[in-house]
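Pasting work-v6.cif here (mmCIF, C-alpha atoms, pLDDT in the B column; chains and numbers go by the auth columns):
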```cif
data_coords
#
loop_
_atom_site.group_PDB
_atom_site.id
_atom_site.type_symbol
_atom_site.label_atom_id
_atom_site.label_comp_id
_atom_site.label_asym_id
_atom_site.label_seq_id
_atom_site.Cartn_x
_atom_site.Cartn_y
_atom_site.Cartn_z
_atom_site.B_iso_or_equiv
_atom_site.auth_seq_id
_atom_site.auth_asym_id
ATOM 1 C CA MET A 1 161.169 165.288 -92.904 49.00 164 A
ATOM 2 C CA LYS A 2 160.935 163.606 -89.473 47.00 165 A
ATOM 3 C CA LYS A 3 158.735 166.444 -88.172 50.00 166 A
ATOM 4 C CA ALA A 4 156.356 166.025 -91.110 48.00 167 A
ATOM 5 C CA VAL A 5 156.094 162.242 -90.554 45.00 168 A
ATOM 6 C CA PHE A 6 155.485 162.642 -86.777 44.00 169 A
ATOM 7 C CA SER A 7 152.961 165.407 -87.393 49.00 170 A
ATOM 8 C CA THR A 8 151.115 163.243 -89.905 48.00 171 A
ATOM 9 C CA LEU A 9 151.167 160.230 -87.545 44.00 172 A
ATOM 10 C CA GLY A 10 150.001 162.384 -84.624 48.00 173 A
ATOM 11 C CA LEU A 11 147.135 163.814 -86.678 43.00 174 A
ATOM 12 C CA ALA A 12 146.091 160.325 -87.848 48.00 175 A
ATOM 13 C CA LEU A 13 146.136 159.043 -84.255 43.00 176 A
ATOM 14 C CA LEU A 14 144.082 162.015 -83.051 44.00 177 A
ATOM 15 C CA LEU A 15 141.480 161.554 -85.793 43.00 178 A
ATOM 16 C CA SER A 16 141.140 157.796 -85.229 48.00 179 A
ATOM 17 C CA THR A 17 140.746 158.297 -81.446 44.00 180 A
ATOM 18 C CA SER A 18 138.138 161.020 -81.959 45.00 181 A
ATOM 19 C CA SER A 19 136.081 158.895 -84.335 47.00 182 A
ATOM 20 C CA ALA A 20 136.242 155.896 -81.965 43.00 183 A
ATOM 21 C CA VAL A 21 134.970 158.032 -79.076 41.00 184 A
ATOM 22 C CA ALA A 22 132.187 159.472 -81.243 46.00 185 A
ATOM 23 C CA SER A 23 131.152 155.961 -82.351 45.00 186 A
ATOM 24 C CA ALA A 24 131.039 154.752 -78.734 42.00 187 A
ATOM 25 C CA GLN A 25 128.915 157.741 -77.710 46.00 188 A
ATOM 26 C CA GLU A 26 126.473 157.134 -80.577 46.00 189 A
ATOM 27 C CA ALA A 27 126.168 153.460 -79.635 41.00 190 A
ATOM 28 C CA GLN A 28 125.537 154.375 -76.003 41.00 191 A
ATOM 29 C CA GLU A 29 122.866 156.939 -76.913 47.00 192 A
ATOM 30 C CA GLY A 30 121.049 154.356 -79.048 45.00 193 A
ATOM 31 C CA ALA A 31 121.056 151.695 -76.298 40.00 194 A
ATOM 32 C CA PRO A 32 117.781 151.271 -74.409 40.00 195 A
ATOM 33 C CA ALA A 33 117.767 152.373 -70.776 39.00 196 A
ATOM 34 C CA LEU A 34 117.796 149.592 -68.193 35.00 197 A
ATOM 35 C CA GLN A 35 114.545 149.284 -66.300 40.00 198 A
ATOM 36 C CA LYS A 36 113.965 147.650 -62.939 40.00 199 A
ATOM 37 C CA GLU A 37 111.681 144.678 -63.301 43.00 200 A
ATOM 38 C CA SER A 38 108.579 144.745 -61.133 43.00 201 A
ATOM 39 C CA ILE A 39 108.067 142.164 -58.424 40.00 202 A
ATOM 40 C CA GLN A 40 106.114 139.141 -59.592 45.00 203 A
ATOM 41 C CA LEU A 41 103.988 137.858 -56.739 42.00 204 A
ATOM 42 C CA PHE A 42 101.414 135.087 -56.812 44.00 205 A
ATOM 43 C CA GLY A 43 97.939 136.493 -57.311 43.00 206 A
ATOM 44 C CA ASN A 44 98.232 140.269 -57.427 39.00 207 A
ATOM 45 C CA GLY A 45 101.351 140.754 -59.597 39.00 208 A
ATOM 46 C CA THR A 46 102.745 143.736 -57.661 44.00 209 A
ATOM 47 C CA ASP A 47 104.836 144.333 -54.542 57.00 210 A
ATOM 48 C CA ARG A 48 102.394 144.487 -51.648 69.00 211 A
ATOM 49 C CA GLU A 49 103.123 146.443 -48.496 73.00 212 A
ATOM 50 C CA PRO A 50 102.963 145.848 -45.716 78.00 213 A
ATOM 51 C CA ASN A 51 104.577 142.423 -45.811 88.00 214 A
ATOM 52 C CA ASN A 52 106.770 143.032 -42.776 88.00 215 A
ATOM 53 C CA TRP A 53 105.616 140.175 -40.548 90.00 216 A
ATOM 54 C CA PHE A 54 104.249 136.638 -40.747 94.00 217 A
ATOM 55 C CA ASP A 55 100.577 137.690 -40.746 92.00 218 A
ATOM 56 C CA GLU A 56 101.240 140.148 -43.616 91.00 219 A
ATOM 57 C CA ALA A 57 103.344 137.807 -45.793 92.00 220 A
ATOM 58 C CA SER A 58 102.955 138.000 -49.571 90.00 221 A
ATOM 59 C CA GLU A 59 102.101 134.624 -51.071 91.00 222 A
ATOM 60 C CA ILE A 60 104.506 133.409 -53.753 91.00 223 A
ATOM 61 C CA LEU A 61 105.122 130.310 -55.849 91.00 224 A
ATOM 62 C CA ALA A 62 108.407 128.578 -54.990 90.00 225 A
ATOM 63 C CA GLY A 63 110.658 128.633 -58.045 89.00 226 A
ATOM 64 C CA ASP A 64 109.487 132.046 -59.308 88.00 227 A
ATOM 65 C CA ASP A 65 111.739 135.107 -59.198 89.00 228 A
ATOM 66 C CA ILE A 66 110.887 137.694 -56.544 90.00 229 A
ATOM 67 C CA TYR A 67 111.671 141.403 -56.872 89.00 230 A
ATOM 68 C CA GLY A 68 111.430 143.590 -53.805 88.00 231 A
ATOM 69 C CA GLU A 69 112.538 146.672 -51.943 88.00 232 A
ATOM 70 C CA ILE A 70 113.330 147.294 -48.278 89.00 233 A
ATOM 71 C CA GLY A 71 113.923 150.615 -46.547 86.00 234 A
ATOM 72 C CA LYS A 72 111.171 152.846 -47.887 80.00 235 A
ATOM 73 C CA HIS A 73 108.863 154.805 -45.614 73.00 236 A
ATOM 74 C CA ILE A 74 105.472 153.180 -45.101 71.00 237 A
ATOM 75 C CA ASP A 75 102.532 154.042 -42.868 70.00 238 A
ATOM 76 C CA GLY A 76 103.592 153.569 -39.285 69.00 239 A
ATOM 77 C CA GLY A 77 107.351 153.468 -39.865 72.00 240 A
ATOM 78 C CA TYR A 78 109.954 152.080 -42.220 75.00 241 A
ATOM 79 C CA ASP A 79 109.999 148.846 -44.164 83.00 242 A
ATOM 80 C CA ASN A 80 112.958 146.888 -42.747 85.00 243 A
ATOM 81 C CA SER A 81 112.007 143.318 -43.719 92.00 244 A
ATOM 82 C CA ASP A 82 109.892 141.406 -46.214 94.00 245 A
ATOM 83 C CA TYR A 83 108.027 138.146 -45.559 95.00 246 A
ATOM 84 C CA TYR A 84 106.920 135.735 -48.294 95.00 247 A
ATOM 85 C CA LYS A 85 104.749 132.663 -47.762 95.00 248 A
ATOM 86 C CA PHE A 86 104.900 129.612 -50.020 96.00 249 A
ATOM 87 C CA LYS A 87 103.778 126.004 -50.107 97.00 250 A
ATOM 88 C CA ALA A 88 106.359 123.361 -50.986 97.00 251 A
ATOM 89 C CA PHE A 89 104.721 121.576 -53.908 95.00 252 A
ATOM 90 C CA GLN A 90 107.298 118.772 -53.870 96.00 253 A
ATOM 91 C CA SER A 91 109.759 117.406 -51.344 97.00 254 A
ATOM 92 C CA GLY A 92 113.388 118.220 -52.013 97.00 255 A
ATOM 93 C CA TRP A 93 116.190 120.738 -51.698 97.00 256 A
ATOM 94 C CA TYR A 94 115.020 124.352 -52.042 98.00 257 A
ATOM 95 C CA GLN A 95 117.847 126.775 -52.812 97.00 258 A
ATOM 96 C CA PHE A 96 117.233 130.539 -52.562 97.00 259 A
ATOM 97 C CA ASN A 97 119.720 133.148 -53.834 96.00 260 A
ATOM 98 C CA ILE A 98 119.490 136.896 -53.350 95.00 261 A
ATOM 99 C CA GLN A 99 121.129 139.720 -55.311 92.00 262 A
ATOM 100 C CA GLY A 100 120.857 143.338 -54.347 90.00 263 A
ATOM 101 C CA ASP A 101 122.219 146.408 -52.657 87.00 264 A
ATOM 102 C CA ILE A 102 124.921 146.061 -50.006 85.00 265 A
ATOM 103 C CA TYR A 103 126.221 148.701 -47.610 88.00 266 A
ATOM 104 C CA PRO A 104 129.395 148.559 -45.486 89.00 267 A
ATOM 105 C CA ASN A 105 127.359 148.257 -42.268 88.00 268 A
ATOM 106 C CA THR A 106 124.577 145.931 -43.464 88.00 269 A
ATOM 107 C CA TRP A 107 123.488 143.473 -46.129 89.00 270 A
ATOM 108 C CA LEU A 108 120.474 141.456 -47.280 93.00 271 A
ATOM 109 C CA ARG A 109 119.987 138.306 -45.194 94.00 272 A
ATOM 110 C CA LEU A 110 117.670 135.387 -45.974 97.00 273 A
ATOM 111 C CA GLY A 111 115.801 133.392 -43.350 97.00 274 A
ATOM 112 C CA LEU A 112 113.446 130.430 -43.586 98.00 275 A
ATOM 113 C CA ALA A 113 110.644 129.742 -41.092 98.00 276 A
ATOM 114 C CA ASP A 114 108.076 126.978 -40.727 98.00 277 A
ATOM 115 C CA SER A 115 104.310 127.524 -40.868 97.00 278 A
ATOM 116 C CA ASN A 116 104.261 128.438 -37.150 97.00 279 A
ATOM 117 C CA GLY A 117 106.788 131.247 -37.621 96.00 280 A
ATOM 118 C CA HIS A 118 109.706 129.390 -36.022 97.00 281 A
ATOM 119 C CA PHE A 119 112.942 130.062 -37.863 97.00 282 A
ATOM 120 C CA ILE A 120 114.526 126.844 -39.097 97.00 283 A
ATOM 121 C CA ARG A 121 117.489 128.367 -40.924 97.00 284 A
ATOM 122 C CA TYR A 122 119.257 131.678 -41.522 95.00 285 A
ATOM 123 C CA ALA A 123 121.932 132.398 -44.088 94.00 286 A
ATOM 124 C CA ASN A 124 125.326 133.109 -42.545 89.00 287 A
ATOM 125 C CA ASP A 125 126.419 136.746 -42.364 86.00 288 A
ATOM 126 C CA ARG A 126 127.093 138.157 -45.829 88.00 289 A
ATOM 127 C CA GLU A 127 126.205 134.883 -47.563 91.00 290 A
ATOM 128 C CA TYR A 128 123.604 135.423 -50.226 94.00 291 A
ATOM 129 C CA SER A 129 122.125 131.961 -50.504 96.00 292 A
ATOM 130 C CA LEU A 130 120.112 129.661 -48.289 97.00 293 A
ATOM 131 C CA GLY A 131 119.169 126.032 -48.864 97.00 294 A
ATOM 132 C CA LYS A 132 117.113 123.471 -46.978 97.00 295 A
ATOM 133 C CA ASN A 133 115.285 120.189 -47.576 98.00 296 A
ATOM 134 C CA LEU A 134 111.548 120.919 -47.406 98.00 297 A
ATOM 135 C CA GLU A 135 108.531 118.631 -47.250 98.00 298 A
ATOM 136 C CA ALA A 136 105.794 118.643 -49.890 97.00 299 A
ATOM 137 C CA GLY A 137 102.453 120.112 -48.828 97.00 300 A
ATOM 138 C CA LYS A 138 103.824 122.204 -45.960 98.00 301 A
ATOM 139 C CA TRP A 139 103.796 126.007 -45.764 98.00 302 A
ATOM 140 C CA TYR A 140 106.983 128.003 -45.197 98.00 303 A
ATOM 141 C CA TYR A 141 108.075 131.628 -44.919 97.00 304 A
ATOM 142 C CA LEU A 142 111.020 133.148 -46.765 96.00 305 A
ATOM 143 C CA VAL A 143 112.214 136.275 -44.970 96.00 306 A
ATOM 144 C CA VAL A 144 114.498 139.071 -46.209 95.00 307 A
ATOM 145 C CA GLU A 145 116.105 141.236 -43.505 93.00 308 A
ATOM 146 C CA THR A 146 118.759 143.938 -43.322 92.00 309 A
ATOM 147 C CA PRO A 147 120.663 143.523 -40.036 89.00 310 A
ATOM 148 C CA GLY A 148 121.949 146.847 -38.718 85.00 311 A
ATOM 149 C CA ALA A 149 120.355 148.949 -41.462 88.00 312 A
ATOM 150 C CA GLU A 150 120.225 152.683 -40.890 87.00 313 A
ATOM 151 C CA LEU A 151 117.301 154.973 -41.626 84.00 314 A
ATOM 152 C CA GLY A 152 117.398 156.005 -45.281 84.00 315 A
ATOM 153 C CA GLN A 153 119.242 152.967 -46.635 88.00 316 A
ATOM 154 C CA LEU A 154 117.250 151.496 -49.524 89.00 317 A
ATOM 155 C CA PHE A 155 117.689 147.952 -50.779 90.00 318 A
ATOM 156 C CA ASP A 156 116.392 146.710 -54.130 89.00 319 A
ATOM 157 C CA TYR A 157 116.722 142.960 -54.494 90.00 320 A
ATOM 158 C CA LYS A 158 115.964 139.920 -56.603 91.00 321 A
ATOM 159 C CA ILE A 159 115.523 136.401 -55.229 93.00 322 A
ATOM 160 C CA THR A 160 115.852 133.361 -57.471 93.00 323 A
ATOM 161 C CA SER A 161 115.199 129.806 -56.389 94.00 324 A
ATOM 162 C CA THR A 162 115.705 126.267 -57.592 95.00 325 A
ATOM 163 C CA ILE A 163 114.163 123.034 -56.409 95.00 326 A
ATOM 164 C CA LYS A 164 115.967 119.688 -56.682 93.00 327 A
#
```
Before we go any further, please render this structure as structure tokens.
Amino acid sequence: MKKAVFSTLGLALLLSTSSAVASAQEAQEGAPALQKESIQLFGNGTDREPNNWFDEASEILAGDDIYGEIGKHIDGGYDNSDYYKFKAFQSGWYQFNIQGDIYPNTWLRLGLADSNGHFIRYANDREYSLGKNLEAGKWYYLVVETPGAELGQLFDYKITSTIK
């Protein structure tokens, strides 16, 4: 009698586990695939290369999300930094946050420069945010770098910002 009860319980457990796995697989197959959002830059709407130095900076609107990539091969070398130019439309605290790929030997670092290309602030090592009081009407550069990156390391990233 005990063998029959244990056999029945074992069979019921096996069937319920199998149906739960099948249901999870069906739900996963029906889920839409995640897609990387394209970079949203002021004016042209796409990631523009080269933007690897101050004179090549992509113009953005402060407060908009930025999507980018560092590390791909471009004419003349490899993309190891991205420069974005923006005008502070109001005075206040500008906070930039970056999310993206991280490697054991390197990370994404934010920097902020004035209109003359002089750096006024860098994020600390492995800190993914940068804030500074900025003056209305002045131009600034937001820079994304990968200190110590090796050839072949690719970094997809997203920058969000808030203004207070």
Practice problem: To one decimal in Å, tell me the separation between CA of Tyr304 (chain A) and CA of Gly263 (chain A). | Solution: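 Taking CA of Tyr304 (chain A) as the start and CA of Gly263 (chain A) as the end point, the length is 19.7 Å.
When only C-alpha atoms are used to measure the gap to Ser324 (chain A), the shortest distance among A:Tyr291, A:Tyr246, A:Trp270, A:Phe282 belongs to A:Tyr291.
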Quiz item: If the PyMOL selection byres ((chain A and resi 316) around 12) is run on the structure shown, which residues does it catch, given as an MDAnalysis selection string?
Solution: chainID A and resid 232:236 241:243 264:271 309:315 317:319
Just write the chosen residues, C-alpha atoms, as a PDB file, in the frame of the given file.
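The result, stored in selection-v9.pdb:
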```
ATOM      1  CA  GLU A 232     112.538 146.672 -51.943  1.00 88.00           C
ATOM      2  CA  ILE A 233     113.330 147.294 -48.278  1.00 89.00           C
ATOM      3  CA  GLY A 234     113.923 150.615 -46.547  1.00 86.00           C
ATOM      4  CA  LYS A 235     111.171 152.846 -47.887  1.00 80.00           C
ATOM      5  CA  HIS A 236     108.863 154.805 -45.614  1.00 73.00           C
ATOM      6  CA  TYR A 241     109.954 152.080 -42.220  1.00 75.00           C
ATOM      7  CA  ASP A 242     109.999 148.846 -44.164  1.00 83.00           C
ATOM      8  CA  ASN A 243     112.958 146.888 -42.747  1.00 85.00           C
ATOM      9  CA  ASP A 264     122.219 146.408 -52.657  1.00 87.00           C
ATOM     10  CA  ILE A 265     124.921 146.061 -50.006  1.00 85.00           C
ATOM     11  CA  TYR A 266     126.221 148.701 -47.610  1.00 88.00           C
ATOM     12  CA  PRO A 267     129.395 148.559 -45.486  1.00 89.00           C
ATOM     13  CA  ASN A 268     127.359 148.257 -42.268  1.00 88.00           C
ATOM     14  CA  THR A 269     124.577 145.931 -43.464  1.00 88.00           C
ATOM     15  CA  TRP A 270     123.488 143.473 -46.129  1.00 89.00           C
ATOM     16  CA  LEU A 271     120.474 141.456 -47.280  1.00 93.00           C
ATOM     17  CA  THR A 309     118.759 143.938 -43.322  1.00 92.00           C
ATOM     18  CA  PRO A 310     120.663 143.523 -40.036  1.00 89.00           C
ATOM     19  CA  GLY A 311     121.949 146.847 -38.718  1.00 85.00           C
ATOM     20  CA  ALA A 312     120.355 148.949 -41.462  1.00 88.00           C
ATOM     21  CA  GLU A 313     120.225 152.683 -40.890  1.00 87.00           C
ATOM     22  CA  LEU A 314     117.301 154.973 -41.626  1.00 84.00           C
ATOM     23  CA  GLY A 315     117.398 156.005 -45.281  1.00 84.00           C
ATOM     24  CA  LEU A 317     117.250 151.496 -49.524  1.00 89.00           C
ATOM     25  CA  PHE A 318     117.689 147.952 -50.779  1.00 90.00           C
ATOM     26  CA  ASP A 319     116.392 146.710 -54.130  1.00 89.00           C
TER      27      ASP A 319
END
```
Exercise. Tell me which residues the PyMOL selection byres ((chain A and resi 255) around 6) grabs here, as a list of chain:residue names.
Key: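 Residues picked by the PyMOL selection byres ((chain A and resi 255) around 6): A:Ser254, A:Trp256, A:Asn296, A:Leu297, A:Lys327.
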Self-check item: Coordinates-based distance that separates CA of Lys295 (chain A) from CA of Ile322 (chain A) (Å, one decimal)
Solution: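 Interatomic distance here is 15.4 Å.
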